[in-house]
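J.: Below is a structure I'd like to ask you about.
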Amino acid sequence: MNKKKTWSLAILIVIILAIIAVVVWPKGQKNNTVQSKSPITIGSKNFTESKIVMQIYTDALKKAGYNVKTKPNISSSVVYQAIKSGQVDLYPEYTGTIAMTYLKKHIVGKTPAQIAAIAKEGVAKENLTTLNYAPGSDAQGIAIKTSVAKKYGIKTISDLQKKANKIRFASQGEFDKREDGIPGLEKAYGKFNFKSEKIYDPSLKYKVLARGDGDITPASTTEGQLATKDFFALKDDKNFWPAYNLVPLVREKTLKDNPGIKKILNKIDAKLTTKELTLLNKKVDVDGESYQAVAKEWLKNNY
């Protein structure tokens, strides 16, 4: 074969390979992306923070080329069963919830790392695993109206206990009886002799405080209202409440089939601090944005 024919054959082979690459490689997909073997279903619980984080996970994995579906708004009472049965492959959970609620472990007084270890070891029996937990903790807390805090000089729960006789407690009923509610707080801090105590629907708690019918209320430490100037969470200065760090809960089979998702989700969670989660919740619950838009914006700015 002469040189001219050799070069013509080589050029033809290159053209054929280029055509094959265009046809086979997914449109718009970059060489550093991957495709999941089957769709990954990401779930969320039925509250704002869980839906935002679900969407952040989803958008990041899609960006990397994974085939992802979402299943939002699963009731907190059935979401653990949903992942065990395979209805969802992963969802944002909390170390404290896994350890205390699902595994029935005593975690008061334990460090975030210890709680995370208890959670990881416990779910392994269900063929599940947890990835790195985020620095952000959506723990139990007490919200106070900023103007009231300034008036009485209350910044911590110890301050609250000392000045409880000046404070109207907007309760939610069950908090008064739970071991991680008033009974447990009183063991750690002493008796709370509130000026008054009245039970309200939890969904109305910030409206109750805003209109002046109460001064404090039970809250989660990443609620969006706590990022406004009107309210803040009192410091648990005796560390009574355990950490509830955000953590991806994943089916082991899903992780085995898609090992690359571990690095992606860990990178995201490393940036989700308590402050960051609170600000994200504020954008939805206070500012009125959609959780999808908030997740998209966060990912654009942080990943």
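The way I read the labels, and the way they are meant: chains A, B, ... in the order of the structure tokens, residue 1 as the first residue of every chain, and ligand 1 as the first ligand shown, with later ones counted on from there.
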Can you list every residue of segment 107-203 of chain A that has an atom at most 10 Å from segment 264-269 of chain A, with its nearest atom pair and the distance in Å to one decimal, using only C-alpha atoms, ordered by chain then number, as CSV?

T.:
```
residue,atom,partner,partner_atom,distance
A:Leu131,CA,A:Asn266,CA,6.7
A:Asn132,CA,A:Asn266,CA,5.7
A:Tyr133,CA,A:Asp269,CA,6.7
A:Ala134,CA,A:Asp269,CA,4.7
A:Pro135,CA,A:Asp269,CA,7.7
A:Gly136,CA,A:Asp269,CA,8.4
```

J.: Report as JSON lines the residues of segment 228-252 of chain A within 12 Å of segment 271-282 of chain A, each with its shortest atom pair and distance in Å (one decimal), using only C-alpha atoms, ordered by chain and increasing residue number.

T.:
```
{"residue": "A:Thr228", "atom": "CA", "partner": "A:Lys282", "partner_atom": "CA", "distance": 7.9}
{"residue": "A:Lys229", "atom": "CA", "partner": "A:Lys282", "partner_atom": "CA", "distance": 11.7}
{"residue": "A:Phe232", "atom": "CA", "partner": "A:Thr278", "partner_atom": "CA", "distance": 10.8}
{"residue": "A:Ala233", "atom": "CA", "partner": "A:Thr278", "partner_atom": "CA", "distance": 11.1}
{"residue": "A:Ala243", "atom": "CA", "partner": "A:Thr274", "partner_atom": "CA", "distance": 11.0}
{"residue": "A:Tyr244", "atom": "CA", "partner": "A:Thr274", "partner_atom": "CA", "distance": 10.4}
{"residue": "A:Asn245", "atom": "CA", "partner": "A:Thr274", "partner_atom": "CA", "distance": 8.8}
{"residue": "A:Leu246", "atom": "CA", "partner": "A:Leu272", "partner_atom": "CA", "distance": 8.2}
{"residue": "A:Val247", "atom": "CA", "partner": "A:Leu272", "partner_atom": "CA", "distance": 10.1}
{"residue": "A:Pro248", "atom": "CA", "partner": "A:Leu272", "partner_atom": "CA", "distance": 12.0}
```

J.: Need the shell around segment 41-52 of chain A: protein/DNA/RNA residues with any atom at most 7 Å away, counting only C-alpha atoms. Skip same-chain ones fewer than 6 positions apart. Format as an MDAnalysis selection string?

T.: chainID A and resid 58 68:76 79 88:92 281 291:292 295

J.: Please dump the current selection as a short mmCIF file (atom, residue, chain, number, x, y, z; two decimals), in the first residue's frame; keep all heavy atoms.

T.:
```
data_model
loop_
_atom_site.label_atom_id
_atom_site.label_comp_id
_atom_site.auth_asym_id
_atom_site.auth_seq_id
_atom_site.Cartn_x
_atom_site.Cartn_y
_atom_site.Cartn_z
N THR A 58 -29.59 16.89 44.28
CA THR A 58 -30.11 16.51 42.96
C THR A 58 -29.43 17.28 41.84
O THR A 58 -28.94 16.69 40.86
CB THR A 58 -31.63 16.74 42.90
OG1 THR A 58 -32.27 15.92 43.88
CG2 THR A 58 -32.18 16.40 41.52
N VAL A 68 -31.10 11.29 37.88
CA VAL A 68 -31.66 11.49 39.22
C VAL A 68 -33.15 11.84 39.17
O VAL A 68 -33.60 12.61 38.32
CB VAL A 68 -30.92 12.63 39.96
CG1 VAL A 68 -31.48 12.80 41.38
CG2 VAL A 68 -29.43 12.36 40.01
N LYS A 69 -33.91 11.24 40.08
CA LYS A 69 -35.31 11.58 40.28
C LYS A 69 -35.47 12.06 41.73
O LYS A 69 -34.67 11.70 42.59
CB LYS A 69 -36.21 10.36 40.05
CG LYS A 69 -36.14 9.77 38.65
CD LYS A 69 -37.23 8.73 38.45
CE LYS A 69 -37.09 7.58 39.43
NZ LYS A 69 -38.12 6.52 39.21
N THR A 70 -36.49 12.85 41.99
CA THR A 70 -36.74 13.32 43.35
C THR A 70 -38.08 12.81 43.87
O THR A 70 -39.02 12.57 43.10
CB THR A 70 -36.73 14.86 43.44
OG1 THR A 70 -37.74 15.39 42.59
CG2 THR A 70 -35.38 15.41 43.04
N LYS A 71 -38.14 12.67 45.18
CA LYS A 71 -39.39 12.28 45.84
C LYS A 71 -39.50 13.12 47.12
O LYS A 71 -39.15 12.67 48.21
CB LYS A 71 -39.35 10.78 46.17
CG LYS A 71 -40.72 10.21 46.53
CD LYS A 71 -40.67 8.69 46.57
CE LYS A 71 -42.05 8.11 46.79
NZ LYS A 71 -42.03 6.63 46.78
N PRO A 72 -39.96 14.36 46.98
CA PRO A 72 -40.03 15.27 48.13
C PRO A 72 -41.24 15.02 49.02
O PRO A 72 -42.15 14.26 48.66
CB PRO A 72 -40.11 16.65 47.48
CG PRO A 72 -40.83 16.39 46.18
CD PRO A 72 -40.36 15.03 45.74
N ASN A 73 -41.22 15.69 50.18
CA ASN A 73 -42.39 15.72 51.08
C ASN A 73 -42.80 14.38 51.65
O ASN A 73 -43.99 14.11 51.83
CB ASN A 73 -43.59 16.37 50.37
CG ASN A 73 -43.38 17.84 50.11
OD1 ASN A 73 -43.01 18.60 51.00
ND2 ASN A 73 -43.59 18.26 48.86
N ILE A 74 -41.83 13.53 51.96
CA ILE A 74 -42.15 12.27 52.63
C ILE A 74 -42.33 12.55 54.12
O ILE A 74 -41.53 13.26 54.72
CB ILE A 74 -41.03 11.24 52.42
CG1 ILE A 74 -40.78 11.02 50.92
CG2 ILE A 74 -41.38 9.92 53.09
CD1 ILE A 74 -39.56 10.15 50.64
N SER A 75 -43.35 12.00 54.71
CA SER A 75 -43.60 12.21 56.13
C SER A 75 -42.42 11.73 56.96
O SER A 75 -41.82 10.68 56.68
CB SER A 75 -44.86 11.47 56.57
OG SER A 75 -44.99 11.48 57.97
N SER A 76 -42.06 12.51 57.98
CA SER A 76 -40.94 12.16 58.85
C SER A 76 -41.14 10.80 59.52
O SER A 76 -40.17 10.12 59.86
CB SER A 76 -40.75 13.24 59.92
OG SER A 76 -40.39 14.47 59.32
N VAL A 79 -40.20 8.14 56.42
CA VAL A 79 -39.08 8.30 55.51
C VAL A 79 -37.98 7.24 55.72
O VAL A 79 -37.36 6.78 54.76
CB VAL A 79 -38.50 9.73 55.60
CG1 VAL A 79 -37.82 9.96 56.96
CG2 VAL A 79 -37.53 10.01 54.46
N VAL A 88 -36.64 5.13 48.13
CA VAL A 88 -35.67 6.19 47.84
C VAL A 88 -34.27 5.61 48.05
O VAL A 88 -34.09 4.66 48.81
CB VAL A 88 -35.87 7.45 48.72
CG1 VAL A 88 -37.22 8.09 48.45
CG2 VAL A 88 -35.70 7.13 50.20
N ASP A 89 -33.30 6.19 47.37
CA ASP A 89 -31.93 5.70 47.46
C ASP A 89 -31.09 6.50 48.45
O ASP A 89 -30.12 5.98 48.99
CB ASP A 89 -31.27 5.75 46.08
CG ASP A 89 -31.96 4.83 45.09
OD1 ASP A 89 -32.08 3.63 45.40
OD2 ASP A 89 -32.39 5.30 44.03
N LEU A 90 -31.44 7.74 48.64
CA LEU A 90 -30.75 8.57 49.62
C LEU A 90 -31.61 9.78 49.94
O LEU A 90 -32.49 10.14 49.17
CB LEU A 90 -29.37 9.00 49.11
CG LEU A 90 -29.29 10.00 47.94
CD1 LEU A 90 -29.12 11.43 48.45
CD2 LEU A 90 -28.14 9.64 47.02
N TYR A 91 -31.35 10.38 51.09
CA TYR A 91 -32.03 11.63 51.46
C TYR A 91 -31.26 12.30 52.58
O TYR A 91 -30.47 11.67 53.28
CB TYR A 91 -33.49 11.36 51.86
CG TYR A 91 -33.70 10.73 53.22
CD1 TYR A 91 -33.96 11.51 54.35
CD2 TYR A 91 -33.66 9.35 53.38
CE1 TYR A 91 -34.17 10.93 55.60
CE2 TYR A 91 -33.86 8.76 54.61
CZ TYR A 91 -34.11 9.56 55.72
OH TYR A 91 -34.32 8.99 56.95
N PRO A 92 -31.44 13.62 52.76
CA PRO A 92 -30.77 14.32 53.85
C PRO A 92 -31.43 14.01 55.19
O PRO A 92 -32.63 14.23 55.37
CB PRO A 92 -30.93 15.80 53.47
CG PRO A 92 -32.11 15.84 52.58
CD PRO A 92 -32.18 14.53 51.87
N ASN A 281 -33.09 28.58 54.65
CA ASN A 281 -34.48 28.46 55.10
C ASN A 281 -35.19 29.81 55.08
O ASN A 281 -36.38 29.90 54.74
CB ASN A 281 -34.53 27.87 56.51
CG ASN A 281 -34.16 26.40 56.54
OD1 ASN A 281 -34.41 25.68 55.58
ND2 ASN A 281 -33.56 25.96 57.63
N TYR A 291 -38.01 26.56 46.89
CA TYR A 291 -36.83 25.82 47.34
C TYR A 291 -35.96 25.42 46.14
O TYR A 291 -34.73 25.32 46.26
CB TYR A 291 -37.22 24.61 48.19
CG TYR A 291 -37.84 23.44 47.46
CD1 TYR A 291 -37.05 22.48 46.84
CD2 TYR A 291 -39.22 23.26 47.43
CE1 TYR A 291 -37.61 21.39 46.19
CE2 TYR A 291 -39.80 22.18 46.78
CZ TYR A 291 -38.99 21.25 46.16
OH TYR A 291 -39.56 20.18 45.52
N GLN A 292 -36.58 25.21 44.99
CA GLN A 292 -35.80 24.86 43.79
C GLN A 292 -34.88 26.02 43.38
O GLN A 292 -33.71 25.80 43.04
CB GLN A 292 -36.73 24.51 42.63
CG GLN A 292 -37.59 23.26 42.86
CD GLN A 292 -38.95 23.57 43.44
OE1 GLN A 292 -39.15 24.60 44.09
NE2 GLN A 292 -39.90 22.68 43.20
N ALA A 295 -32.01 26.44 45.94
CA ALA A 295 -30.99 25.40 45.76
C ALA A 295 -30.12 25.69 44.54
O ALA A 295 -28.89 25.55 44.60
CB ALA A 295 -31.66 24.04 45.60
#
```

J.: Compare A:Thr146, A:Asn258, A:Asn302, A:Gln55 by their minimum atom-to-atom distance to Ser290 of chain A, counting only C-alpha atoms, and give me the closest one.

T.: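 Among the listed residues, the smallest separation from Ser290 of chain A belongs to A:Gln55.
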
J.: Taking 4 positions as the minimum chain separation for residues in the same chain, which residues sit within 10 Å of Asp201 of chain A when counting only C-alpha atoms? Answer as a list in words.

T.: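 Answer for this query is Ala170, Ser171, Gln172, Gly173, Lys205 and Val208 of chain A.
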
J.: Considering only C-alpha atoms, can you say which of A:Lys125, A:Lys198, A:Lys163, A:Arg211 comes closest to Lys145 of chain A?

T.: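 Smallest separation from Lys145 of chain A among the options: A:Arg211.
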
J.: If you run DSSP over the backbone, which residues in segment 113-295 of chain A end up strand (DSSP E)? Put them as a ChimeraX atom specification.

T.: /A:128-130,140-145,168-171,196-199,216-220,231-233,246-251

J.: Using only C-alpha atoms, which of A:Pro202, A:Gly86, A:Ala143, A:Phe240 sits nearest Glu186 of chain A?

T.: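 The answer is A:Phe240, which sits nearest to Glu186 of chain A.
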
J.: Counting only C-alpha atoms, which of A:Gly122, A:Pro39, A:Pro112, A:Gly214 gets nearest to Leu249 of chain A?

T.: A:Gly122

J.: Calculated over only C-alpha atoms, which of the candidates A:Asp180, A:Asp236, A:Asp59, A:Asp230 has the smallest distance to Met100 of chain A?

T.: A:Asp180
